[in-house]
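Text of the file data_8.pdb, holding PDB, C-alpha atoms:
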```
MODEL        1
ATOM      1  CA  MET A   1       1.242 -16.336 -28.685
ATOM      2  CA  GLU A   2       3.044 -13.116 -29.642
ATOM      3  CA  LYS A   3       1.300 -11.241 -26.819
ATOM      4  CA  LEU A   4       2.495 -13.834 -24.309
ATOM      5  CA  LEU A   5       6.057 -13.501 -25.596
ATOM      6  CA  ASP A   6       5.850  -9.704 -25.405
ATOM      7  CA  LYS A   7       4.801  -9.954 -21.749
ATOM      8  CA  ALA A   8       7.522 -12.518 -21.048
ATOM      9  CA  LEU A   9      10.181 -10.298 -22.636
ATOM     10  CA  ASP A  10       9.383  -7.677 -19.998
ATOM     11  CA  LYS A  11      10.349 -10.035 -17.174
ATOM     12  CA  LYS A  12      13.976 -10.006 -15.982
ATOM     13  CA  PRO A  13      14.394 -13.815 -15.588
ATOM     14  CA  PHE A  14      13.073 -14.420 -19.108
ATOM     15  CA  ILE A  15      15.256 -11.642 -20.550
ATOM     16  CA  ILE A  16      18.338 -13.135 -18.891
ATOM     17  CA  LEU A  17      17.572 -16.635 -20.226
ATOM     18  CA  ASP A  18      16.871 -15.200 -23.686
ATOM     19  CA  GLN A  19      20.212 -13.379 -23.777
ATOM     20  CA  ILE A  20      22.151 -16.412 -22.508
ATOM     21  CA  ALA A  21      20.489 -18.572 -25.183
ATOM     22  CA  TYR A  22      21.498 -16.028 -27.840
ATOM     23  CA  ARG A  23      25.085 -15.962 -26.573
ATOM     24  CA  PHE A  24      25.182 -19.771 -26.409
ATOM     25  CA  LYS A  25      24.616 -19.956 -30.151
ATOM     26  CA  ASP A  26      26.358 -16.762 -31.253
ATOM     27  CA  HIS A  27      29.572 -17.455 -29.277
ATOM     28  CA  ASN A  28      29.607 -21.176 -30.202
ATOM     29  CA  LEU A  29      29.850 -22.321 -26.595
ATOM     30  CA  ILE A  30      30.059 -25.984 -27.573
ATOM     31  CA  GLY A  31      33.139 -25.253 -29.683
ATOM     32  CA  SER A  32      34.693 -23.131 -26.916
ATOM     33  CA  ALA A  33      34.060 -25.868 -24.332
ATOM     34  CA  ALA A  34      35.552 -28.529 -26.633
ATOM     35  CA  GLU A  35      38.683 -26.425 -27.184
ATOM     36  CA  LEU A  36      39.015 -25.744 -23.463
ATOM     37  CA  ALA A  37      38.493 -29.430 -22.577
ATOM     38  CA  TYR A  38      41.297 -30.426 -24.961
ATOM     39  CA  PHE A  39      43.791 -28.039 -23.367
ATOM     40  CA  LEU A  40      42.646 -28.935 -19.850
ATOM     41  CA  PHE A  41      43.273 -32.586 -20.704
ATOM     42  CA  LEU A  42      46.827 -31.694 -21.753
ATOM     43  CA  SER A  43      47.426 -29.579 -18.654
ATOM     44  CA  ILE A  44      45.733 -31.471 -15.807
ATOM     45  CA  PHE A  45      48.517 -34.002 -15.182
ATOM     46  CA  PRO A  46      51.418 -31.517 -15.486
ATOM     47  CA  PHE A  47      49.493 -29.309 -13.042
ATOM     48  CA  LEU A  48      49.234 -32.226 -10.596
ATOM     49  CA  ILE A  49      52.957 -32.905 -10.978
ATOM     50  CA  ALA A  50      53.817 -29.314 -10.069
ATOM     51  CA  LEU A  51      51.277 -29.163  -7.226
ATOM     52  CA  LEU A  52      52.237 -32.485  -5.637
ATOM     53  CA  ASN A  53      55.964 -31.760  -5.793
ATOM     54  CA  ILE A  54      55.368 -28.507  -3.928
ATOM     55  CA  LEU A  55      53.026 -30.141  -1.406
ATOM     56  CA  ASN A  56      55.616 -32.879  -0.909
ATOM     57  CA  HIS A  57      57.325 -30.625   1.644
ATOM     58  CA  ILE A  58      54.175 -29.740   3.555
ATOM     59  CA  SER A  59      52.234 -32.804   4.664
ATOM     60  CA  LEU A  60      52.347 -36.580   4.416
ATOM     61  CA  GLU A  61      48.573 -36.543   3.989
ATOM     62  CA  ARG A  62      48.612 -34.230   0.938
ATOM     63  CA  ASN A  63      47.241 -36.981  -1.348
ATOM     64  CA  GLN A  64      43.984 -37.145   0.592
ATOM     65  CA  TYR A  65      43.479 -33.389   0.355
ATOM     66  CA  VAL A  66      44.145 -33.447  -3.394
ATOM     67  CA  LEU A  67      41.633 -36.276  -3.831
ATOM     68  CA  ASP A  68      39.048 -34.194  -1.931
ATOM     69  CA  ILE A  69      39.035 -31.791  -4.901
ATOM     70  CA  ILE A  70      37.846 -34.505  -7.291
ATOM     71  CA  ARG A  71      35.634 -36.465  -4.940
ATOM     72  CA  TYR A  72      32.574 -35.413  -6.976
ATOM     73  CA  ALA A  73      34.086 -36.716 -10.211
ATOM     74  CA  PRO A  74      33.162 -40.187 -11.595
ATOM     75  CA  GLU A  75      34.851 -43.086  -9.848
ATOM     76  CA  ASP A  76      36.887 -44.018 -12.942
ATOM     77  CA  ILE A  77      38.424 -40.530 -13.014
ATOM     78  CA  GLN A  78      39.229 -40.692  -9.310
ATOM     79  CA  THR A  79      40.929 -44.038  -9.930
ATOM     80  CA  ILE A  80      43.061 -42.623 -12.765
ATOM     81  CA  ILE A  81      44.142 -39.569 -10.783
ATOM     82  CA  GLU A  82      44.696 -41.546  -7.571
ATOM     83  CA  ALA A  83      46.925 -44.014  -9.444
ATOM     84  CA  PHE A  84      48.817 -41.103 -10.986
ATOM     85  CA  ILE A  85      49.287 -39.489  -7.558
ATOM     86  CA  ASN A  86      50.502 -42.757  -6.018
ATOM     87  CA  ASP A  87      52.995 -43.260  -8.849
ATOM     88  CA  LEU A  88      54.351 -39.766  -8.234
ATOM     89  CA  SER A  89      54.563 -40.396  -4.492
ATOM     90  CA  PHE A  90      56.667 -43.519  -4.872
ATOM     91  CA  GLY A  91      58.624 -42.533  -7.954
ATOM     92  CA  SER A  92      59.411 -38.860  -7.358
ATOM     93  CA  SER A  93      63.008 -37.720  -7.003
ATOM     94  CA  GLU A  94      64.173 -34.802  -4.899
ATOM     95  CA  GLY A  95      66.757 -33.904  -7.539
ATOM     96  CA  LEU A  96      64.044 -33.523 -10.183
ATOM     97  CA  LEU A  97      61.779 -31.334  -8.023
ATOM     98  CA  SER A  98      62.601 -27.999  -9.678
ATOM     99  CA  ILE A  99      62.457 -29.474 -13.201
ATOM    100  CA  ALA A 100      59.106 -31.136 -12.486
ATOM    101  CA  VAL A 101      57.635 -27.938 -11.034
ATOM    102  CA  ILE A 102      58.836 -25.707 -13.881
ATOM    103  CA  GLY A 103      57.827 -28.186 -16.585
ATOM    104  CA  GLY A 104      54.472 -28.791 -14.942
ATOM    105  CA  ILE A 105      53.691 -25.067 -14.679
ATOM    106  CA  LEU A 106      54.660 -24.399 -18.311
ATOM    107  CA  ALA A 107      52.531 -27.282 -19.583
ATOM    108  CA  ALA A 108      49.582 -26.480 -17.307
ATOM    109  CA  SER A 109      49.570 -22.844 -18.452
ATOM    110  CA  THR A 110      48.186 -23.938 -21.853
ATOM    111  CA  GLY A 111      44.884 -24.613 -20.099
ATOM    112  CA  PHE A 112      44.756 -21.035 -18.799
ATOM    113  CA  ARG A 113      45.444 -19.616 -22.259
ATOM    114  CA  ALA A 114      42.391 -21.541 -23.497
ATOM    115  CA  ILE A 115      40.361 -20.089 -20.600
ATOM    116  CA  ILE A 116      41.520 -16.566 -21.555
ATOM    117  CA  ARG A 117      40.345 -17.074 -25.151
ATOM    118  CA  ALA A 118      36.988 -18.497 -24.041
ATOM    119  CA  LEU A 119      36.319 -15.671 -21.563
ATOM    120  CA  ASN A 120      37.308 -12.987 -24.064
ATOM    121  CA  ARG A 121      34.601 -14.366 -26.352
ATOM    122  CA  ALA A 122      32.133 -14.435 -23.449
ATOM    123  CA  TYR A 123      32.748 -10.801 -22.467
ATOM    124  CA  GLU A 124      33.141  -9.821 -26.141
ATOM    125  CA  PHE A 125      36.543  -8.274 -25.479
ATOM    126  CA  THR A 126      39.115  -7.881 -28.232
ATOM    127  CA  GLU A 127      42.457  -9.466 -27.380
ATOM    128  CA  SER A 128      45.157  -6.808 -27.681
ATOM    129  CA  ARG A 129      47.845  -8.450 -25.566
ATOM    130  CA  GLY A 130      50.838  -9.968 -27.331
ATOM    131  CA  ILE A 131      51.629 -13.688 -27.273
ATOM    132  CA  LEU A 132      54.469 -13.258 -24.763
ATOM    133  CA  ARG A 133      52.232 -11.310 -22.403
ATOM    134  CA  LYS A 134      49.483 -13.932 -22.663
ATOM    135  CA  VAL A 135      51.974 -16.724 -21.979
ATOM    136  CA  ALA A 136      53.367 -14.811 -18.992
ATOM    137  CA  LEU A 137      49.831 -14.138 -17.730
ATOM    138  CA  SER A 138      48.806 -17.795 -18.065
ATOM    139  CA  ILE A 139      51.963 -18.912 -16.227
ATOM    140  CA  PHE A 140      51.242 -16.323 -13.520
ATOM    141  CA  PHE A 141      47.654 -17.606 -13.110
ATOM    142  CA  THR A 142      48.917 -21.189 -12.907
ATOM    143  CA  ILE A 143      51.409 -20.273 -10.181
ATOM    144  CA  ILE A 144      48.771 -18.284  -8.273
ATOM    145  CA  LEU A 145      46.327 -21.213  -8.453
ATOM    146  CA  ILE A 146      48.980 -23.603  -7.133
ATOM    147  CA  LEU A 147      49.837 -21.191  -4.314
ATOM    148  CA  VAL A 148      46.162 -20.701  -3.408
ATOM    149  CA  ILE A 149      45.545 -24.461  -3.306
ATOM    150  CA  THR A 150      48.744 -24.913  -1.283
ATOM    151  CA  LEU A 151      47.684 -22.243   1.237
ATOM    152  CA  VAL A 152      44.225 -23.832   1.477
ATOM    153  CA  PHE A 153      45.793 -27.223   2.194
ATOM    154  CA  ILE A 154      48.119 -25.712   4.806
ATOM    155  CA  SER A 155      45.205 -23.961   6.529
ATOM    156  CA  LEU A 156      43.119 -27.153   6.440
ATOM    157  CA  ILE A 157      45.973 -29.227   7.838
ATOM    158  CA  PHE A 158      46.785 -26.832  10.695
ATOM    159  CA  SER A 159      43.089 -26.200  11.411
ATOM    160  CA  GLU A 160      42.546 -29.938  11.750
ATOM    161  CA  LEU A 161      45.549 -30.326  14.063
ATOM    162  CA  ILE A 162      44.488 -27.377  16.245
ATOM    163  CA  GLY A 163      40.866 -28.561  16.302
ATOM    164  CA  LYS A 164      41.873 -32.073  17.338
ATOM    165  CA  PHE A 165      44.085 -30.721  20.118
ATOM    166  CA  ILE A 166      41.368 -28.422  21.511
ATOM    167  CA  PHE A 167      38.591 -31.018  21.338
ATOM    168  CA  GLN A 168      40.856 -33.670  22.912
ATOM    169  CA  LEU A 169      41.108 -31.437  25.977
ATOM    170  CA  PHE A 170      37.339 -31.742  26.392
ATOM    171  CA  ASP A 171      37.345 -35.430  25.371
ATOM    172  CA  ILE A 172      34.979 -34.802  22.411
ATOM    173  CA  GLU A 173      37.381 -35.497  19.551
ATOM    174  CA  VAL A 174      34.797 -37.696  17.768
ATOM    175  CA  ILE A 175      32.371 -34.769  17.466
ATOM    176  CA  PHE A 176      35.117 -32.620  15.951
ATOM    177  CA  LEU A 177      36.048 -35.283  13.387
ATOM    178  CA  MET A 178      32.399 -35.621  12.314
ATOM    179  CA  THR A 179      31.979 -31.846  12.062
ATOM    180  CA  TRP A 180      35.321 -31.327  10.318
ATOM    181  CA  SER A 181      34.487 -33.732   7.483
ATOM    182  CA  TYR A 182      31.607 -31.423   6.466
ATOM    183  CA  LEU A 183      33.348 -28.157   7.326
ATOM    184  CA  ARG A 184      36.309 -29.072   5.135
ATOM    185  CA  LEU A 185      33.976 -29.528   2.160
ATOM    186  CA  LEU A 186      32.289 -26.184   2.853
ATOM    187  CA  ILE A 187      35.648 -24.404   2.977
ATOM    188  CA  SER A 188      36.699 -26.082  -0.281
ATOM    189  CA  PHE A 189      33.410 -24.983  -1.899
ATOM    190  CA  LEU A 190      33.890 -21.348  -0.827
ATOM    191  CA  ILE A 191      37.470 -21.403  -2.093
ATOM    192  CA  MET A 192      36.187 -22.788  -5.412
ATOM    193  CA  ILE A 193      33.806 -19.830  -5.740
ATOM    194  CA  LEU A 194      36.619 -17.357  -5.054
ATOM    195  CA  ILE A 195      38.925 -19.023  -7.592
ATOM    196  CA  PHE A 196      36.228 -18.829 -10.283
ATOM    197  CA  ALA A 197      35.450 -15.190  -9.379
ATOM    198  CA  PHE A 198      39.091 -14.117  -9.631
ATOM    199  CA  MET A 199      39.507 -16.090 -12.862
ATOM    200  CA  TYR A 200      36.501 -14.340 -14.428
ATOM    201  CA  LYS A 201      37.781 -10.949 -13.238
ATOM    202  CA  PHE A 202      41.414 -11.104 -14.356
ATOM    203  CA  SER A 203      41.491 -13.503 -17.332
ATOM    204  CA  PRO A 204      39.651 -11.371 -19.954
ATOM    205  CA  ASN A 205      41.487  -8.506 -21.659
ATOM    206  CA  ILE A 206      39.791  -5.562 -19.934
ATOM    207  CA  LYS A 207      42.292  -2.892 -21.014
ATOM    208  CA  ASN A 208      40.457   0.058 -22.626
ATOM    209  CA  GLN A 209      37.247  -2.007 -22.580
ATOM    210  CA  GLY A 210      35.780  -1.193 -19.191
ATOM    211  CA  SER A 211      36.337  -2.921 -15.882
ATOM    212  CA  LEU A 212      35.120  -6.034 -14.098
ATOM    213  CA  SER A 213      34.510  -5.938 -10.365
ATOM    214  CA  LEU A 214      34.805  -9.023  -8.202
ATOM    215  CA  LYS A 215      31.162  -8.591  -7.118
ATOM    216  CA  SER A 216      29.913  -8.584 -10.719
ATOM    217  CA  ASN A 217      31.655 -11.930 -11.300
ATOM    218  CA  LEU A 218      30.203 -13.694  -8.260
ATOM    219  CA  PRO A 219      26.947 -14.869  -9.979
ATOM    220  CA  GLY A 220      28.884 -16.794 -12.623
ATOM    221  CA  ALA A 221      31.341 -18.087 -10.020
ATOM    222  CA  ILE A 222      28.524 -19.418  -7.812
ATOM    223  CA  PHE A 223      26.781 -20.925 -10.842
ATOM    224  CA  ALA A 224      30.012 -22.587 -12.014
ATOM    225  CA  SER A 225      30.778 -24.034  -8.562
ATOM    226  CA  VAL A 226      27.273 -25.385  -7.891
ATOM    227  CA  SER A 227      26.781 -26.641 -11.452
ATOM    228  CA  TRP A 228      30.186 -28.324 -11.540
ATOM    229  CA  ILE A 229      29.432 -30.292  -8.376
ATOM    230  CA  ALA A 230      25.860 -31.148  -9.454
ATOM    231  CA  LEU A 231      26.771 -32.174 -13.017
ATOM    232  CA  SER A 232      29.799 -34.144 -11.824
ATOM    233  CA  LEU A 233      27.583 -36.085  -9.398
ATOM    234  CA  MET A 234      24.974 -36.735 -12.109
ATOM    235  CA  PHE A 235      27.615 -37.806 -14.624
ATOM    236  CA  SER A 236      29.191 -40.043 -11.988
ATOM    237  CA  TYR A 237      25.804 -41.665 -11.328
ATOM    238  CA  TYR A 238      25.230 -42.144 -15.072
ATOM    239  CA  VAL A 239      28.659 -43.725 -15.589
ATOM    240  CA  SER A 240      28.218 -46.032 -12.589
ATOM    241  CA  ASN A 241      24.712 -47.195 -13.493
ATOM    242  CA  PHE A 242      24.134 -46.754 -17.227
ATOM    243  CA  GLY A 243      27.393 -45.939 -19.004
ATOM    244  CA  ARG A 244      29.246 -48.839 -20.565
ATOM    245  CA  TYR A 245      32.457 -47.053 -21.511
ATOM    246  CA  SER A 246      34.701 -49.895 -20.359
ATOM    247  CA  VAL A 247      32.756 -52.343 -22.546
ATOM    248  CA  THR A 248      32.795 -50.112 -25.626
ATOM    249  CA  TYR A 249      36.273 -48.607 -25.321
ATOM    250  CA  LYS A 250      37.989 -51.351 -23.252
ATOM    251  CA  SER A 251      41.125 -49.952 -21.573
ATOM    252  CA  LEU A 252      40.452 -46.476 -23.006
ATOM    253  CA  GLY A 253      37.158 -46.244 -21.098
ATOM    254  CA  GLY A 254      38.666 -44.248 -18.241
ATOM    255  CA  VAL A 255      40.306 -41.784 -20.642
ATOM    256  CA  ILE A 256      37.016 -41.268 -22.536
ATOM    257  CA  ILE A 257      35.195 -40.640 -19.252
ATOM    258  CA  LEU A 258      37.892 -38.116 -18.269
ATOM    259  CA  LEU A 259      37.501 -36.284 -21.599
ATOM    260  CA  VAL A 260      33.696 -36.137 -21.284
ATOM    261  CA  TRP A 261      33.973 -34.909 -17.696
ATOM    262  CA  LEU A 262      36.471 -32.214 -18.741
ATOM    263  CA  PHE A 263      34.080 -31.145 -21.514
ATOM    264  CA  ILE A 264      31.253 -30.828 -18.967
ATOM    265  CA  SER A 265      33.552 -28.871 -16.642
ATOM    266  CA  SER A 266      34.637 -26.613 -19.529
ATOM    267  CA  MET A 267      31.023 -25.920 -20.485
ATOM    268  CA  VAL A 268      30.314 -24.896 -16.882
ATOM    269  CA  ILE A 269      33.338 -22.546 -16.827
ATOM    270  CA  VAL A 270      32.368 -20.878 -20.117
ATOM    271  CA  LEU A 271      28.701 -20.599 -19.130
ATOM    272  CA  GLY A 272      29.686 -18.919 -15.867
ATOM    273  CA  GLY A 273      31.541 -16.275 -17.847
ATOM    274  CA  GLU A 274      28.585 -15.830 -20.205
ATOM    275  CA  ILE A 275      26.224 -15.357 -17.246
ATOM    276  CA  ASN A 276      28.462 -12.628 -15.799
ATOM    277  CA  ALA A 277      28.772 -10.899 -19.181
ATOM    278  CA  THR A 278      25.007 -11.111 -19.741
ATOM    279  CA  LEU A 279      24.165  -9.562 -16.356
ATOM    280  CA  ILE A 280      26.747  -6.802 -16.794
ATOM    281  CA  ASN A 281      25.452  -5.999 -20.288
ATOM    282  CA  LEU A 282      21.793  -6.003 -19.195
ATOM    283  CA  LYS A 283      22.492  -3.744 -16.208
ATOM    284  CA  GLU A 284      24.105  -1.223 -18.550
ATOM    285  CA  ARG A 285      20.891  -1.253 -20.636
ATOM    286  CA  SER A 286      18.563  -1.259 -17.596
ATOM    287  CA  PHE A 287      17.489  -4.801 -18.496
ATOM    288  CA  LYS A 288      16.011  -3.694 -21.801
ATOM    289  CA  ILE A 289      16.173  -6.443 -24.397
ATOM    290  CA  ASP A 290      18.080  -5.821 -27.630
ATOM    291  CA  PRO A 291      15.894  -7.047 -30.538
ATOM    292  CA  ASN A 292      18.987  -7.703 -32.663
ATOM    293  CA  ARG A 293      20.480  -9.952 -29.982
ATOM    294  CA  SER A 294      17.368 -11.803 -28.864
ATOM    295  CA  PHE A 295      17.193 -15.567 -29.309
ATOM    296  CA  ILE A 296      13.385 -15.633 -29.249
ATOM    297  CA  LEU A 297      12.782 -12.597 -31.473
ATOM    298  CA  ASN A 298      15.331 -13.735 -34.061
ATOM    299  CA  HIS A 299      13.707 -17.171 -34.280
ATOM    300  CA  MET A 300      10.261 -15.593 -34.502
ATOM    301  CA  ASP A 301      11.415 -13.428 -37.423
ATOM    302  CA  LYS A 302      12.879 -16.425 -39.213
ATOM    303  CA  SER A 303       9.712 -18.491 -38.793
ATOM    304  CA  THR A 304       7.600 -15.530 -39.990
ATOM    305  CA  ASN A 305       9.764 -15.096 -43.076
ATOM    306  CA  LYS A 306       9.475 -18.792 -43.909
ATOM    307  CA  LYS A 307       5.671 -18.608 -43.723
ATOM    308  CA  GLU A 308       5.637 -15.551 -45.969
ATOM    309  CA  ASP A 309       7.932 -17.231 -48.524
ATOM    310  CA  SER A 310       5.753 -20.331 -48.607
TER     311      SER A 310
ENDMDL
END
```
Could you write out this file's structure as structure tokens?
Amino acid sequence: MEKLLDKALDKKPFIILDQIAYRFKDHNLIGSAAELAYFLFLSIFPFLIALLNILNHISLERNQYVLDIIRYAPEDIQTIIEAFINDLSFGSSEGLLSIAVIGGILAASTGFRAIIRALNRAYEFTESRGILRKVALSIFFTIILILVITLVFISLIFSELIGKFIFQLFDIEVIFLMTWSYLRLLISFLIMILIFAFMYKFSPNIKNQGSLSLKSNLPGAIFASVSWIALSLMFSYYVSNFGRYSVTYKSLGGVIILLVWLFISSMVIVLGGEINATLINLKERSFKIDPNRSFILNHMDKSTNKKEDS
């Protein structure tokens, strides 16, 4: 058995999995994901308030584009967010636009501060920035995310209008509409990867602790994007076919589903950071395993010590 493990520990895929397993336990990823999910829950609706008030001046179809972001989420979550968006659409006031945007950004920034803490643990960076700088940084990230999403929506809207116009000239508008429905999802997926990559690059405190290139953060960003979609679809299927949250929790069922989904999303975000940190660390050591930070070797030592004691 030990010979097989020794051979396995010479293989890169096994070494990577071993190091991620060690980090999962050592960095308390479940606790980090729970903390992040809590702050994301507090910030998701203020973020939507700020985003929708800004998009209010761009397109009448903004709601549909916002709902495209969460189309992989469970149906109950889509219902909650869609109802929230509709309430904002009918109840928003032009005079309260600036207050809603500022308040929404400030509240939503708490989610980014939780992401900063989680990614610092993942990359094992010591936080040396002051509280005011972290608050300013989290507000900056929130604003950048809103601007990126806004620019994506603008590009999607104008691309659709231009595409319709061109394809109408050749009387093949139906083909464009069929193609665009898939192309829009692909563009959204690529944008998701870029957002994760930039978040992993700039959120941790890298001052005096090395540097993080955008390329080195792509593996975790791709993992986070693909896993988020896949796990959201699986969780949606489970809720629709097996989960009985509405029976158990009554009217709170939708809120419980939202919290569980945010926890799953948070775990994906943190794991993406851990994957990047693991690959960066292993490349620096030429993919040589550290016996003191090996999940398998540590458990083997513990089991050996127990046998000797008995």
- Residues at most 10 Å from Phe223 in chain A, counting all atoms listed in the file, excluding those fewer than 2 positions away in the same chain, as an MDAnalysis selection string? chainID A and resid 193 196 218:221 225:228 268:269 271:273 275:276
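Across A:Leu40, A:Ile166, A:Leu186, A:Leu194, the tightest approach to Phe112 in chain A is made by A:Leu40 when counting all atoms listed in the file.
The interatomic distance for the pair CA of Asp87 in chain A and CA of Pro46 in chain A works out to 13.6 Å.
In this model, the gap between CA of Phe45 in chain A and CA of Ser232 in chain A comes to 19.0 Å.
For the pair CA of Ala136 in chain A and CA of Ile44 in chain A, the separation is 18.6 Å.
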- Task: Please evaluate the PyMOL selection byres ((chain A and resi 118) around 8) against the structure above and give the resulting residues as a PyMOL selection string.
- Result: chain A and resi 32-33+36+114-117+119-122+270
- Message: Calculated over only C-alpha atoms, which of the candidates A:Met199, A:Ile144, A:Ile30, A:Ile20 has the smallest distance to Ile296 in chain A?
- Response: A:Ile20
- Output check: residues returned by the PyMOL selection byres ((chain A and resi 104) around 6), as a count of residues only: 12
Evaluate the PyMOL selection byres ((chain A and resi 278) around 12) here and jot the selected residues down as a PDB file with C-alpha atoms, in the frame of the given file.
```
ATOM      1  CA  LYS A  12      13.976 -10.006 -15.982  1.00  0.00           C
ATOM      2  CA  PRO A  13      14.394 -13.815 -15.588  1.00  0.00           C
ATOM      3  CA  ILE A  15      15.256 -11.642 -20.550  1.00  0.00           C
ATOM      4  CA  ILE A  16      18.338 -13.135 -18.891  1.00  0.00           C
ATOM      5  CA  LEU A  17      17.572 -16.635 -20.226  1.00  0.00           C
ATOM      6  CA  ASP A  18      16.871 -15.200 -23.686  1.00  0.00           C
ATOM      7  CA  GLN A  19      20.212 -13.379 -23.777  1.00  0.00           C
ATOM      8  CA  ILE A  20      22.151 -16.412 -22.508  1.00  0.00           C
ATOM      9  CA  ALA A  21      20.489 -18.572 -25.183  1.00  0.00           C
ATOM     10  CA  TYR A  22      21.498 -16.028 -27.840  1.00  0.00           C
ATOM     11  CA  ARG A  23      25.085 -15.962 -26.573  1.00  0.00           C
ATOM     12  CA  PHE A  24      25.182 -19.771 -26.409  1.00  0.00           C
ATOM     13  CA  ALA A 122      32.133 -14.435 -23.449  1.00  0.00           C
ATOM     14  CA  TYR A 123      32.748 -10.801 -22.467  1.00  0.00           C
ATOM     15  CA  GLU A 124      33.141  -9.821 -26.141  1.00  0.00           C
ATOM     16  CA  SER A 216      29.913  -8.584 -10.719  1.00  0.00           C
ATOM     17  CA  ASN A 217      31.655 -11.930 -11.300  1.00  0.00           C
ATOM     18  CA  PRO A 219      26.947 -14.869  -9.979  1.00  0.00           C
ATOM     19  CA  GLY A 220      28.884 -16.794 -12.623  1.00  0.00           C
ATOM     20  CA  LEU A 271      28.701 -20.599 -19.130  1.00  0.00           C
ATOM     21  CA  GLY A 272      29.686 -18.919 -15.867  1.00  0.00           C
ATOM     22  CA  GLY A 273      31.541 -16.275 -17.847  1.00  0.00           C
ATOM     23  CA  GLU A 274      28.585 -15.830 -20.205  1.00  0.00           C
ATOM     24  CA  ILE A 275      26.224 -15.357 -17.246  1.00  0.00           C
ATOM     25  CA  ASN A 276      28.462 -12.628 -15.799  1.00  0.00           C
ATOM     26  CA  ALA A 277      28.772 -10.899 -19.181  1.00  0.00           C
ATOM     27  CA  LEU A 279      24.165  -9.562 -16.356  1.00  0.00           C
ATOM     28  CA  ILE A 280      26.747  -6.802 -16.794  1.00  0.00           C
ATOM     29  CA  ASN A 281      25.452  -5.999 -20.288  1.00  0.00           C
ATOM     30  CA  LEU A 282      21.793  -6.003 -19.195  1.00  0.00           C
ATOM     31  CA  LYS A 283      22.492  -3.744 -16.208  1.00  0.00           C
ATOM     32  CA  GLU A 284      24.105  -1.223 -18.550  1.00  0.00           C
ATOM     33  CA  ARG A 285      20.891  -1.253 -20.636  1.00  0.00           C
ATOM     34  CA  SER A 286      18.563  -1.259 -17.596  1.00  0.00           C
ATOM     35  CA  PHE A 287      17.489  -4.801 -18.496  1.00  0.00           C
ATOM     36  CA  LYS A 288      16.011  -3.694 -21.801  1.00  0.00           C
ATOM     37  CA  ILE A 289      16.173  -6.443 -24.397  1.00  0.00           C
ATOM     38  CA  ASP A 290      18.080  -5.821 -27.630  1.00  0.00           C
ATOM     39  CA  ARG A 293      20.480  -9.952 -29.982  1.00  0.00           C
ATOM     40  CA  SER A 294      17.368 -11.803 -28.864  1.00  0.00           C
TER      41      SER A 294
END
```
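Ranking A:Phe14, A:Phe295, A:Tyr38, A:Phe202 by their shortest atom-to-atom distance to Ile264 in chain A, with all atoms listed in the file included, puts A:Tyr38 first.
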- Using all atoms listed in the file, which residues sit within 12 Å of Lys134 in chain A once same-chain residues fewer than 3 positions away are excluded, as an MDAnalysis selection string? chainID A and resid 109:117 127:131 137:141 202:205
